[in-house]
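K.L.:
Structure: model-v8.txt, compact mmCIF, C-alpha atoms and all ligand atoms.
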```
# COMPACT_ATOMS: atom_id res chain seq x y z
CA MET X 284 2.18 9.96 27.30
CA LYS X 285 -0.45 7.27 27.04
CA ARG X 286 0.40 4.82 24.30
CA VAL X 287 -1.51 1.97 22.85
CA VAL X 288 -0.65 -1.18 21.06
CA VAL X 289 -3.17 -1.32 18.30
CA SER X 290 -5.19 -4.34 17.37
CA LEU X 291 -3.35 -6.56 14.94
CA ILE X 292 -6.24 -7.75 12.87
CA VAL X 293 -7.81 -4.37 12.30
CA VAL X 294 -4.64 -2.47 11.83
CA PHE X 295 -2.06 -4.33 9.89
CA LEU X 296 -2.77 -3.19 6.47
CA CYS X 297 0.91 -2.93 5.74
CA ARG X 298 2.51 -4.83 8.53
CA GLY X 299 2.06 -8.22 10.06
CA ALA X 300 3.72 -11.49 10.63
CA ASP X 301 2.77 -15.04 10.44
CA GLY X 302 3.54 -18.40 11.82
CA SER X 303 1.19 -20.34 9.61
CA ALA X 304 2.11 -22.72 6.86
CA ALA X 305 -0.57 -21.16 4.69
CA ALA X 306 1.25 -17.87 4.20
CA ALA X 307 4.57 -19.67 3.78
CA ASP X 308 3.04 -21.71 0.97
CA TRP X 309 2.04 -18.55 -0.87
CA THR X 310 5.49 -17.08 -0.43
CA ALA X 311 7.20 -20.29 -1.55
CA VAL X 312 5.67 -20.06 -5.03
CA LYS X 313 8.03 -17.92 -7.08
CA THR X 314 6.09 -17.62 -10.32
CA PRO X 315 2.60 -16.42 -11.28
CA SER X 316 -0.15 -18.87 -12.13
CA PRO X 317 -1.22 -19.28 -15.77
CA GLY X 318 -4.37 -17.75 -17.17
CA PRO X 319 -5.74 -14.25 -17.58
CA PRO X 320 -5.33 -11.83 -14.68
CA GLN X 321 -8.09 -12.34 -12.10
CA SER X 322 -8.29 -10.83 -8.65
CA ILE X 323 -10.02 -13.30 -6.38
CA GLY X 324 -11.40 -12.38 -2.99
CA PHE X 325 -10.69 -9.35 -0.83
CA TYR X 326 -7.62 -7.17 -0.45
CA SER X 327 -6.83 -8.85 2.88
CA ALA X 328 -8.17 -12.33 2.06
CA GLY X 329 -7.58 -13.21 -1.54
CA CYS X 330 -5.19 -14.12 -4.30
CA LEU X 331 -4.28 -13.25 -7.87
CA GLN X 332 -4.31 -15.41 -10.97
CA GLY X 333 -2.16 -14.43 -13.95
CA ALA X 334 -0.13 -11.77 -12.15
CA GLN X 335 2.23 -9.57 -14.12
CA ALA X 336 5.57 -8.20 -12.95
CA LEU X 337 6.31 -4.52 -12.63
CA PRO X 338 9.54 -3.84 -14.57
CA PHE X 339 12.16 -2.85 -12.00
CA ASP X 340 12.84 0.47 -13.71
CA GLY X 341 10.60 2.73 -15.73
CA PRO X 342 10.07 6.37 -16.60
CA GLY X 343 9.62 8.17 -13.30
CA TYR X 344 9.94 5.21 -10.94
CA GLU X 345 12.23 2.56 -9.50
CA ALA X 346 11.07 -0.62 -7.78
CA ILE X 347 12.77 -1.18 -4.42
CA ARG X 348 13.33 -4.25 -2.26
CA VAL X 349 12.79 -6.51 -5.24
CA SER X 350 14.45 -9.41 -3.40
CA ARG X 351 11.12 -9.75 -1.57
CA ASN X 352 9.51 -10.85 -4.85
CA ARG X 353 6.46 -8.68 -4.23
CA TYR X 354 6.45 -6.75 -7.47
CA TRP X 355 3.53 -8.71 -8.95
CA GLY X 356 0.09 -7.30 -9.56
CA GLN X 357 -2.93 -6.80 -11.76
CA PRO X 358 -2.24 -5.00 -15.04
CA VAL X 359 -4.48 -2.20 -13.80
CA THR X 360 -2.18 -1.76 -10.80
CA LEU X 361 0.99 -1.72 -12.88
CA ASN X 362 -0.64 0.75 -15.26
CA PHE X 363 -1.60 2.95 -12.33
CA ILE X 364 1.94 2.98 -10.99
CA GLN X 365 3.42 3.75 -14.39
CA ALA X 366 0.90 6.49 -15.17
CA LEU X 367 1.34 8.09 -11.75
CA SER X 368 5.10 7.98 -12.15
CA GLN X 369 4.88 9.72 -15.51
CA LYS X 370 2.68 12.45 -14.06
CA VAL X 371 4.94 12.99 -11.07
CA HIS X 372 7.94 13.12 -13.38
CA THR X 373 6.15 15.77 -15.41
CA LEU X 374 5.78 17.77 -12.20
CA GLY X 375 9.57 17.78 -11.98
CA GLN X 376 9.84 15.35 -9.10
CA ALA X 377 12.47 12.65 -8.67
CA PRO X 378 11.59 9.04 -9.61
CA LEU X 379 9.12 7.39 -7.25
CA TYR X 380 10.19 4.48 -5.13
CA ILE X 381 7.72 1.64 -5.55
CA GLY X 382 7.60 -0.88 -2.72
CA ASP X 383 5.47 -3.96 -2.29
CA ILE X 384 2.63 -4.78 -4.62
CA GLY X 385 1.99 -8.50 -4.13
CA GLN X 386 3.45 -11.98 -4.31
CA PRO X 387 3.44 -13.88 -7.64
CA ARG X 388 0.08 -15.42 -6.80
CA GLY X 389 -0.98 -12.87 -4.19
CA GLY X 390 -2.24 -14.42 -0.99
CA PRO X 391 -1.03 -13.81 2.56
CA SER X 392 2.63 -13.10 3.17
CA PRO X 393 4.60 -14.09 6.25
CA VAL X 394 5.96 -10.64 7.06
CA GLY X 395 4.83 -7.18 6.21
CA HIS X 396 1.20 -7.08 5.23
CA ALA X 397 -2.33 -8.11 5.97
CA SER X 398 -3.55 -6.76 2.63
CA HIS X 399 -1.74 -6.76 -0.74
CA GLN X 400 -3.31 -10.15 -1.45
CA ASN X 401 -5.36 -9.72 -4.62
CA GLY X 402 -3.02 -7.65 -6.78
CA LEU X 403 -4.72 -4.29 -6.26
CA ASP X 404 -2.66 -2.72 -3.45
CA ALA X 405 0.70 -1.00 -3.78
CA ASP X 406 3.06 0.91 -1.50
CA ILE X 407 4.68 4.08 -2.75
CA TRP X 408 7.26 5.93 -0.69
CA TYR X 409 7.15 9.60 0.09
CA GLU X 410 10.90 9.99 -0.01
CA ARG X 411 13.44 9.16 -2.67
CA GLN X 412 17.10 8.67 -2.09
CA PRO X 413 18.98 11.55 -3.72
CA GLY X 414 21.49 10.94 -6.46
CA PRO X 415 21.53 8.97 -9.70
CA ARG X 416 19.62 5.74 -10.28
CA ARG X 417 21.11 2.73 -8.60
CA PRO X 418 20.78 -0.85 -9.82
CA PRO X 419 18.00 -2.86 -8.14
CA ALA X 420 20.45 -4.72 -5.88
CA GLU X 421 21.43 -1.40 -4.35
CA ARG X 422 17.84 -0.44 -3.68
CA GLU X 423 17.18 -3.03 -0.99
CA ASN X 424 17.53 -0.74 2.01
CA PRO X 425 17.22 2.83 0.84
CA ARG X 426 17.20 5.59 3.42
CA LEU X 427 13.55 6.60 3.45
CA ARG X 428 12.51 8.76 6.35
CA SER X 429 9.20 9.09 8.13
CA LEU X 430 7.37 12.36 7.58
CA VAL X 431 5.91 12.13 11.10
CA ILE X 432 7.60 12.45 14.49
CA ASP X 433 6.66 9.61 16.87
CA ASP X 434 3.12 9.58 15.47
CA GLN X 435 2.54 12.86 17.30
CA ALA X 436 3.12 15.56 14.69
CA LEU X 437 4.08 16.11 11.11
CA ASP X 438 7.82 16.65 10.61
CA ASP X 439 7.88 20.09 9.06
CA SER X 440 11.55 19.79 8.29
CA LEU X 441 10.63 17.11 5.73
CA PHE X 442 7.00 17.53 4.67
CA ASN X 443 6.62 19.95 1.79
CA GLY X 444 4.55 20.92 -1.23
CA GLN X 445 6.01 18.12 -3.32
CA HIS X 446 4.38 15.61 -1.00
CA VAL X 447 1.07 17.41 -1.33
CA ALA X 448 1.38 17.37 -5.12
CA LEU X 449 2.29 13.68 -5.07
CA ILE X 450 -0.65 12.71 -2.88
CA ARG X 451 -3.06 14.85 -4.87
CA THR X 452 -1.88 13.43 -8.17
CA ALA X 453 -2.39 9.89 -6.90
CA ALA X 454 -5.77 10.71 -5.36
CA GLU X 455 -7.06 12.09 -8.66
CA MET X 456 -6.00 9.10 -10.75
CA PRO X 457 -8.66 6.91 -12.31
CA ASN X 458 -9.23 3.45 -10.84
CA LEU X 459 -8.19 4.54 -7.33
CA ASP X 460 -10.63 3.31 -4.71
CA ARG X 461 -8.80 4.99 -1.80
CA MET X 462 -5.31 5.61 -0.48
CA PHE X 463 -4.01 5.40 3.05
CA VAL X 464 -1.81 8.00 4.74
CA ASN X 465 -0.82 8.78 8.32
CA ARG X 466 -3.40 10.85 10.24
CA TRP X 467 -1.04 13.82 10.62
CA ILE X 468 -0.62 14.00 6.87
CA LYS X 469 -4.37 13.91 6.36
CA ALA X 470 -4.77 16.59 9.03
CA ARG X 471 -2.30 18.89 7.30
CA LEU X 472 -4.07 18.44 3.98
CA CYS X 473 -7.40 19.22 5.63
CA GLN X 474 -5.96 22.38 7.14
CA THR X 475 -4.18 23.73 4.10
CA VAL X 476 -5.76 22.63 0.84
CA ILE X 477 -7.73 25.43 -0.78
CA GLY X 478 -9.83 25.44 -3.92
CA ASP X 479 -10.86 22.01 -5.14
CA ARG X 480 -10.93 19.74 -2.09
CA SER X 481 -12.87 16.89 -3.67
CA TRP X 482 -9.74 14.72 -3.93
CA LEU X 483 -9.29 14.77 -0.17
CA ARG X 484 -12.07 12.20 0.13
CA LYS X 485 -9.89 9.41 -1.19
CA VAL X 486 -6.99 10.22 1.15
CA VAL X 487 -7.89 8.10 4.14
CA PRO X 488 -6.08 8.17 7.51
CA TRP X 489 -4.67 4.89 8.75
CA TYR X 490 -2.13 3.62 11.25
CA GLY X 491 1.50 3.91 10.18
CA HIS X 492 1.85 5.09 6.60
CA ASP X 493 4.20 7.84 7.73
CA ASP X 494 7.06 6.84 5.39
CA HIS X 495 4.98 5.50 2.50
CA PHE X 496 1.40 5.66 1.32
CA HIS X 497 -0.71 2.80 0.09
CA VAL X 498 -2.89 2.92 -2.99
CA ARG X 499 -5.84 0.58 -3.35
CA LEU X 500 -7.54 0.17 -6.70
CA TYR X 501 -11.11 -0.82 -7.48
CA CYS X 502 -11.84 -4.35 -8.55
CA PRO X 503 -11.33 -4.20 -12.33
CA PRO X 504 -14.22 -5.01 -14.68
CA GLY X 505 -14.34 -8.66 -15.68
CA ASN X 506 -13.13 -9.88 -12.29
CA PRO X 507 -16.36 -11.32 -10.88
CA GLN X 508 -14.64 -13.02 -7.94
CA CYS X 509 -12.99 -9.81 -6.74
CA LYS X 510 -14.66 -8.52 -3.58
CA PRO X 511 -14.92 -4.71 -3.41
CA GLN X 512 -14.38 -2.80 -0.20
CA ALA X 513 -17.43 -1.05 1.28
CA ASP X 514 -18.03 2.49 0.09
CA PHE X 515 -17.17 5.32 2.49
CA PRO X 516 -18.59 8.80 3.08
CA HIS X 517 -18.70 11.15 0.13
CA ASN X 518 -17.08 14.12 1.82
CA ASP X 519 -13.54 15.36 2.43
CA GLY X 520 -13.14 13.28 5.58
CA CYS X 521 -11.91 16.31 7.49
CA GLY X 522 -14.68 16.49 10.08
CA GLU X 523 -15.56 14.08 12.86
CA ALA X 524 -13.83 11.16 11.20
CA LEU X 525 -10.48 12.92 11.35
CA ASP X 526 -11.16 14.24 14.85
CA TRP X 527 -11.48 10.64 16.00
CA TRP X 528 -8.10 9.79 14.53
CA LEU X 529 -6.42 12.80 16.08
CA LYS X 530 -7.67 11.86 19.54
CA GLN X 531 -6.04 8.43 19.46
CA PRO X 532 -2.80 7.92 21.37
CA PRO X 533 0.38 7.37 19.32
CA THR X 534 0.49 4.01 17.63
CA VAL X 535 3.09 1.53 18.82
CA PHE X 536 3.46 -1.50 16.60
CA PRO X 537 4.07 -4.81 18.34
CA SER X 538 7.28 -6.72 17.74
CA ASP X 539 7.47 -9.27 14.94
CA GLU X 540 7.36 -12.02 17.58
CA GLU X 541 4.22 -10.60 19.13
CA MET X 542 2.60 -10.22 15.72
CA ALA X 543 3.48 -13.80 14.86
CA LYS X 544 1.78 -14.96 18.04
CA ARG X 545 -1.37 -13.01 17.34
CA TYR X 546 -1.59 -13.76 13.63
CA LYS X 547 -4.73 -15.40 12.34
CA PRO X 548 -4.54 -16.57 8.72
CA PRO X 549 -7.31 -15.17 6.53
CA LYS X 550 -9.96 -17.47 5.12
CA LEU X 551 -9.38 -17.38 1.39
CA PRO X 552 -12.00 -18.10 -1.28
CA PRO X 553 -11.89 -21.76 -2.42
CA ALA X 554 -10.78 -20.67 -5.92
CA CYS X 555 -7.47 -19.53 -4.44
CA GLN X 556 -6.42 -23.10 -3.78
CA ALA X 557 -6.41 -23.78 -7.52
CA VAL X 558 -4.33 -20.65 -8.08
CA LEU X 559 -1.85 -21.85 -5.48
CA ASN X 560 -1.70 -25.38 -6.85
CA ALA X 561 -1.46 -24.49 -10.56
CA PRO X 562 1.84 -25.46 -12.24
ZN ZN X 601 0.56 -1.27 1.77
```
In structure tokens, what does this structure look like?

P.N.:
Amino acid sequence: MKRVVVSLIVVFLCRGADGSAAAADWTAVKTPSPGPPQSIGFYSAGCLQGAQALPFDGPGYEAIRVSRNRYWGQPVTLNFIQALSQKVHTLGQAPLYIGDIGQPRGGPSPVGHASHQNGLDADIWYERQPGPRRPPAERENPRLRSLVIDDQALDDSLFNGQHVALIRTAAEMPNLDRMFVNRWIKARLCQTVIGDRSWLRKVVPWYGHDDHFHVRLYCPPGNPQCKPQADFPHNDGCGEALDWWLKQPPTVFPSDEEMAKRYKPPKLPPACQAVLNAP
């Protein structure tokens, strides 16, 4: 089986590592900056003023891995998570596990992400640990399985209609720019969804994203320094674009050491320095 180590810069939406002082500086700040919420810059080269914290528990969701201190985001992002959780709860599903949003002031983080920098990205897990709610300290390393086998096929022993309903519900929410899922999940949706397929457009294949999906929201109104991502084709994405993805060899992520070596810090907008330096 031919395998490929994918390019770090292009690929690490949700993974990455860093040896630079710049990212460490952003991680060292434990509190948000003052002022109204403002997303500054791009999802993978930006920061967030006036971040708000997602409460660790809410109707239909539980934040996980809160020791990472990445539960900070734009109000629009927190509202999205809470509204999605309510909807999914109404569908009879177990509480969602909410992973990383962003650091207290956004910016690059030493381990785990290239994006999640301007308060508008969030990771939501496909699986939930069965059983009653646990306190946050017991949600640091939940058992959350991949829905894909070795990036070569969907795991049909795990993937089911609840996942389809979850992805569809998220894709149809207002304020969603796009969401990223593993290519085999997108392929299954393309093959099986009947009736209204318009929501498939926003479900975009990407490397990884086999155990969680990633939602990315539009720049909110009144955030003039927020840089939107380029628009993408207005179709279901099930044609040639997906064919390209399915032809790629299985993704193998480099080790943390290798990623650290290859890491290039993003160039942030000058306004981010003031966010970082604010008391
Ligand atoms: Zn992510």

K.L.:
Do you know which residues are within 12 Å of ligand ZN 601 (chain X) using only C-alpha atoms and all ligand atoms? Can you write them as an MDAnalysis selection string?

P.N.:
chainID X and resid 294:299 326:327 353 381:385 395:400 402:408 461:464 489:500

K.L.:
Measuring between only C-alpha atoms, which one of X:Ser392, X:Pro549, X:Pro562, X:Gln386 shows the shortest distance to Gly318 (chain X)?

P.N.:
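Distance minimum relative to Gly318 (chain X) lands on X:Pro562.
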
K.L.:
What is the CA of Ala420 (chain X)-CA of Glu345 (chain X) distance in Å, reported with one decimal?

P.N.:
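It comes out at 11.6 Å.
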
K.L.:
Which residues are close to region 375-380 of chain X, i.e. within 10 Å by all atoms listed in the file, leaving aside same-chain residues fewer than 5 positions away? Reply as a ChimeraX atom specification.

P.N.:
/X:340-348,364-365,367-370,406-416,422,425,427,445-446,448-449,495

K.L.:
For a quick check of understanding, using all atoms listed in the file, which of X:Thr314, X:Asn424, X:Ser429, X:Gln474 has the smallest distance to Gly522 (chain X)?

P.N.:
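Once distances to Gly522 (chain X) are computed over all atoms listed in the file, the minimum belongs to X:Gln474.
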
K.L.:
How many Å lie between CA of Asp438 (chain X) and CA of Glu523 (chain X), rounded to one decimal?

P.N.:
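CA of Asp438 (chain X) sits 23.6 Å away from CA of Glu523 (chain X).
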
K.L.:
What does the distance from CA of Phe325 (chain X) to CA of Asp460 (chain X) come to in Å, to one decimal?

P.N.:
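Between these atoms lies a distance of 13.2 Å.
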
K.L.:
Pick from X:Ile323, X:Ala307, X:Ala454, X:Leu361: nearest to Cys555 (chain X), with all atoms listed in the file counted?

P.N.:
X:Ile323

K.L.:
For region 375-488 of chain X against region 504-518 of chain X, with a cut-off of 8 Å and counting all atoms listed in the file, what is the closest atom pair and its distance in Å to one decimal for every residue that makes the cut, ordered by chain and number, as a tab-separated table?

P.N.:
```
residue	atom	partner	partner_atom	distance
X:Asn401	CA	X:Cys509	CA	7.9
X:Ser481	CA	X:Asn518	CA	7.5
X:Arg484	CA	X:Asn518	CA	5.6
```

K.L.:
With all atoms listed in the file as the basis for distance, which of X:Trp528, X:Pro320, X:Pro419, X:Pro393 is at the shortest distance from Glu540 (chain X)?

P.N.:
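That would be X:Pro393, the residue with the smallest distance to Glu540 (chain X).
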
K.L.:
Looking at X:Pro533, X:Gln357, X:Gly478, X:Leu331, which one is nearest to Ile432 (chain X), with distances taken over all atoms listed in the file?

P.N.:
X:Pro533

K.L.:
Nearest residue to Thr310 (chain X) out of X:Asp519, X:Leu559, X:Leu441, X:Trp527, using all atoms listed in the file?

P.N.:
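When distances to Thr310 (chain X) are compared using all atoms listed in the file, the smallest one comes from X:Leu559.
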
K.L.:
Got a sec: who's within 9 Å of Phe442 (chain X), counting only C-alpha atoms, leaving out chain neighbours fewer than 5 positions off, as a list in words?

P.N.:
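Residues meeting the cut-off are Leu430, Val431, Leu437, Val447 and Ile468 of chain X.
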
K.L.:
Box for region 475-494 of chain X - axis-aligned, 4 Å on each of the six sides, all listed atoms - centre and size in Å to one decimal, as JSON.

P.N.:
```
{"center_x": -2.9, "center_y": 14.5, "center_z": 3.1, "size_x": 27.9, "size_y": 29.8, "size_z": 24.4}
```
